[in-house]
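Visitor: This structure is in structure tokens; I'll ask about it shortly.
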Amino acid sequence: MVRILVAGAVAAPLGGCAALPAPACLPPSQPMLSAELAFGRNIGDRLGVSDVEFARFVAEEITPRFPDGLTVVDSVGQWHDIARGRLVRERGKLMSIVFAENPAQRWARSSNSTSVASGSTW
């Protein structure tokens with residue numbers, strides 16, 4: 001099981017920034033959205049998700065949903081385990097995905113499978 005921590009959310013216009021003009025892109029460029037996800041790799045107090053298992057997860061679950069590409073880098077993170085009252089440090093993976101907003105594709109992805117990231121808009 002991979003514990004998924006959402007480090008960022010899909011970029012969207014913020015209410016406080018409503019007065020800002022929309023970003024201009026010259027053709028053939030277009031405005032893009034981005035998502036940043038952090039994946040902890042520990043199960044309990046030990047490394048539980050190997051590089052091979054994570055690569056398989058990306059190939060089977062992420063790439064089909066975002067076939068245009070993504071970036072994955074190794075990371076070291078920490079989080080506060082409230083139940084045990086301590087700071088937990090663990091190896092992880094940080095994933096960055098940049099994609100065009102396409103509501104029809106977003107709906108197709110979400111209706112055919114379970115959500116990859118909690119808190120996302122699909």
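Within each chain, counting starts at residue 1; across the structure tokens, chains are named A, B, ... in the order shown, with ligands numbered 1 upward in that order.
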Excluding Val98 in chain A and any residue of its chain fewer than 4 positions from it, enumerate the residues within 9 Å of it, using only C-alpha atoms, and give them as a list in words.
Guide: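 Contacts, with the query itself left out: Met32, Leu33, Ser34, Ala35, Glu36, Phe66, Asp68, Gly69 and Leu70 of chain A.
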Visitor: Using only C-alpha atoms, which protein or nucleic acid residues come within 9 Å of Val72 in chain A? Drop anything in the same chain fewer than 6 positions from it, and give the result as a list in words.
Guide: Lys93, Leu94, Met95, Ser96 and Ile97 of chain A
Visitor: Could you turn the residues from that selection into a file that holds N, CA, C and O atoms, as an mmCIF file, in the first residue's frame?
Guide:
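Wrote selection-v2.cif, looks like this:
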data_model
loop_
_atom_site.group_PDB
_atom_site.id
_atom_site.type_symbol
_atom_site.label_atom_id
_atom_site.label_comp_id
_atom_site.auth_asym_id
_atom_site.auth_seq_id
_atom_site.Cartn_x
_atom_site.Cartn_y
_atom_site.Cartn_z
ATOM 1 N N LYS A 93 8.950 9.989 -2.929
ATOM 2 C CA LYS A 93 9.021 10.393 -4.334
ATOM 3 C C LYS A 93 8.165 11.637 -4.487
ATOM 4 O O LYS A 93 7.074 11.726 -3.929
ATOM 5 N N LEU A 94 8.655 12.605 -5.214
ATOM 6 C CA LEU A 94 7.919 13.822 -5.521
ATOM 7 C C LEU A 94 7.605 13.792 -7.010
ATOM 8 O O LEU A 94 8.495 13.620 -7.837
ATOM 9 N N MET A 95 6.307 13.922 -7.341
ATOM 10 C CA MET A 95 5.867 13.831 -8.731
ATOM 11 C C MET A 95 5.275 15.165 -9.162
ATOM 12 O O MET A 95 4.470 15.749 -8.448
ATOM 13 N N SER A 96 5.678 15.624 -10.334
ATOM 14 C CA SER A 96 5.138 16.844 -10.913
ATOM 15 C C SER A 96 4.504 16.492 -12.257
ATOM 16 O O SER A 96 5.131 15.839 -13.088
ATOM 17 N N ILE A 97 3.248 16.927 -12.428
ATOM 18 C CA ILE A 97 2.517 16.658 -13.665
ATOM 19 C C ILE A 97 1.999 17.990 -14.190
ATOM 20 O O ILE A 97 1.389 18.756 -13.445
#
Visitor: Would you compute the distance between CA of Arg89 in chain A and CA of Val76 in chain A? Give it in Å to one decimal.
Guide: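 These two atoms are separated by 7.2 Å.
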Visitor: When DSSP works through the backbone of this structure, what residues of range 10-88 of chain A end up as helix (DSSP H, G or I), shown as a list in words?
Guide: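 Answer for range 10-88 of chain A restricted to helix (DSSP H, G or I) is Gly15, Gly16, Cys17, Asp51, Val52, Glu53, Phe54, Ala55, Arg56, Phe57, Val58, Ala59, Glu60, Glu61 and Ile62 of chain A.
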Visitor: Output N, CA, C and O atoms of each residue in that selection to a file, as a compact mmCIF listing (two decimals), in the first residue's frame.
Guide:
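Contents of part_20.txt, freshly written:
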# COMPACT_ATOMS: atom_id res chain seq x y z
N GLY A 15 -9.52 32.93 -5.53
CA GLY A 15 -10.50 34.00 -5.40
C GLY A 15 -9.86 35.35 -5.16
O GLY A 15 -10.30 36.37 -5.70
N GLY A 16 -8.80 35.40 -4.37
CA GLY A 16 -8.13 36.64 -4.08
C GLY A 16 -7.38 37.21 -5.27
O GLY A 16 -6.96 38.36 -5.26
N CYS A 17 -7.19 36.40 -6.28
CA CYS A 17 -6.46 36.85 -7.47
C CYS A 17 -7.40 37.08 -8.65
O CYS A 17 -6.95 37.18 -9.79
N ASP A 51 11.84 0.69 -5.27
CA ASP A 51 11.89 1.45 -6.52
C ASP A 51 11.15 0.71 -7.63
O ASP A 51 10.45 1.32 -8.43
N VAL A 52 11.28 -0.61 -7.67
CA VAL A 52 10.60 -1.41 -8.70
C VAL A 52 9.08 -1.33 -8.52
O VAL A 52 8.35 -1.15 -9.48
N GLU A 53 8.60 -1.44 -7.28
CA GLU A 53 7.16 -1.34 -7.02
C GLU A 53 6.62 0.04 -7.36
O GLU A 53 5.53 0.17 -7.93
N PHE A 54 7.38 1.08 -7.04
CA PHE A 54 6.93 2.43 -7.35
C PHE A 54 6.90 2.64 -8.86
O PHE A 54 5.96 3.24 -9.40
N ALA A 55 7.91 2.15 -9.57
CA ALA A 55 7.94 2.28 -11.03
C ALA A 55 6.73 1.56 -11.65
O ALA A 55 6.13 2.07 -12.60
N ARG A 56 6.37 0.41 -11.10
CA ARG A 56 5.20 -0.31 -11.61
C ARG A 56 3.92 0.48 -11.34
O ARG A 56 3.05 0.59 -12.20
N PHE A 57 3.82 1.09 -10.16
CA PHE A 57 2.67 1.93 -9.81
C PHE A 57 2.55 3.09 -10.80
O PHE A 57 1.46 3.37 -11.32
N VAL A 58 3.66 3.75 -11.10
CA VAL A 58 3.64 4.87 -12.05
C VAL A 58 3.21 4.38 -13.43
O VAL A 58 2.36 5.00 -14.08
N ALA A 59 3.78 3.25 -13.87
CA ALA A 59 3.46 2.73 -15.20
C ALA A 59 2.00 2.30 -15.32
O ALA A 59 1.36 2.54 -16.34
N GLU A 60 1.46 1.68 -14.28
CA GLU A 60 0.11 1.12 -14.36
C GLU A 60 -0.99 2.11 -13.96
O GLU A 60 -2.11 2.02 -14.48
N GLU A 61 -0.71 3.03 -13.04
CA GLU A 61 -1.76 3.90 -12.51
C GLU A 61 -1.66 5.36 -12.95
O GLU A 61 -2.67 5.99 -13.23
N ILE A 62 -0.46 5.90 -13.00
CA ILE A 62 -0.30 7.33 -13.28
C ILE A 62 -0.18 7.60 -14.78
O ILE A 62 -0.89 8.44 -15.33
Visitor: Would you work out the distance separating CA of Phe99 in chain A from CA of Val73 in chain A, expressed in Å to one decimal?
Guide: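 Those two atoms sit 18.1 Å apart.
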Visitor: What does the distance from CA of His80 in chain A to CA of Val49 in chain A come to in Å, to one decimal?
Guide: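 So the two atoms, CA of His80 in chain A and CA of Val49 in chain A, lie 20.2 Å apart.
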Visitor: Which neighbours of Asp45 in chain A fall inside 12 Å, counting only C-alpha atoms, when residues of the same chain fewer than 4 positions from it are skipped, and could you give them as a VMD selection string?
Guide: chain A and resid 40 to 41 49 81 84 87 to 91
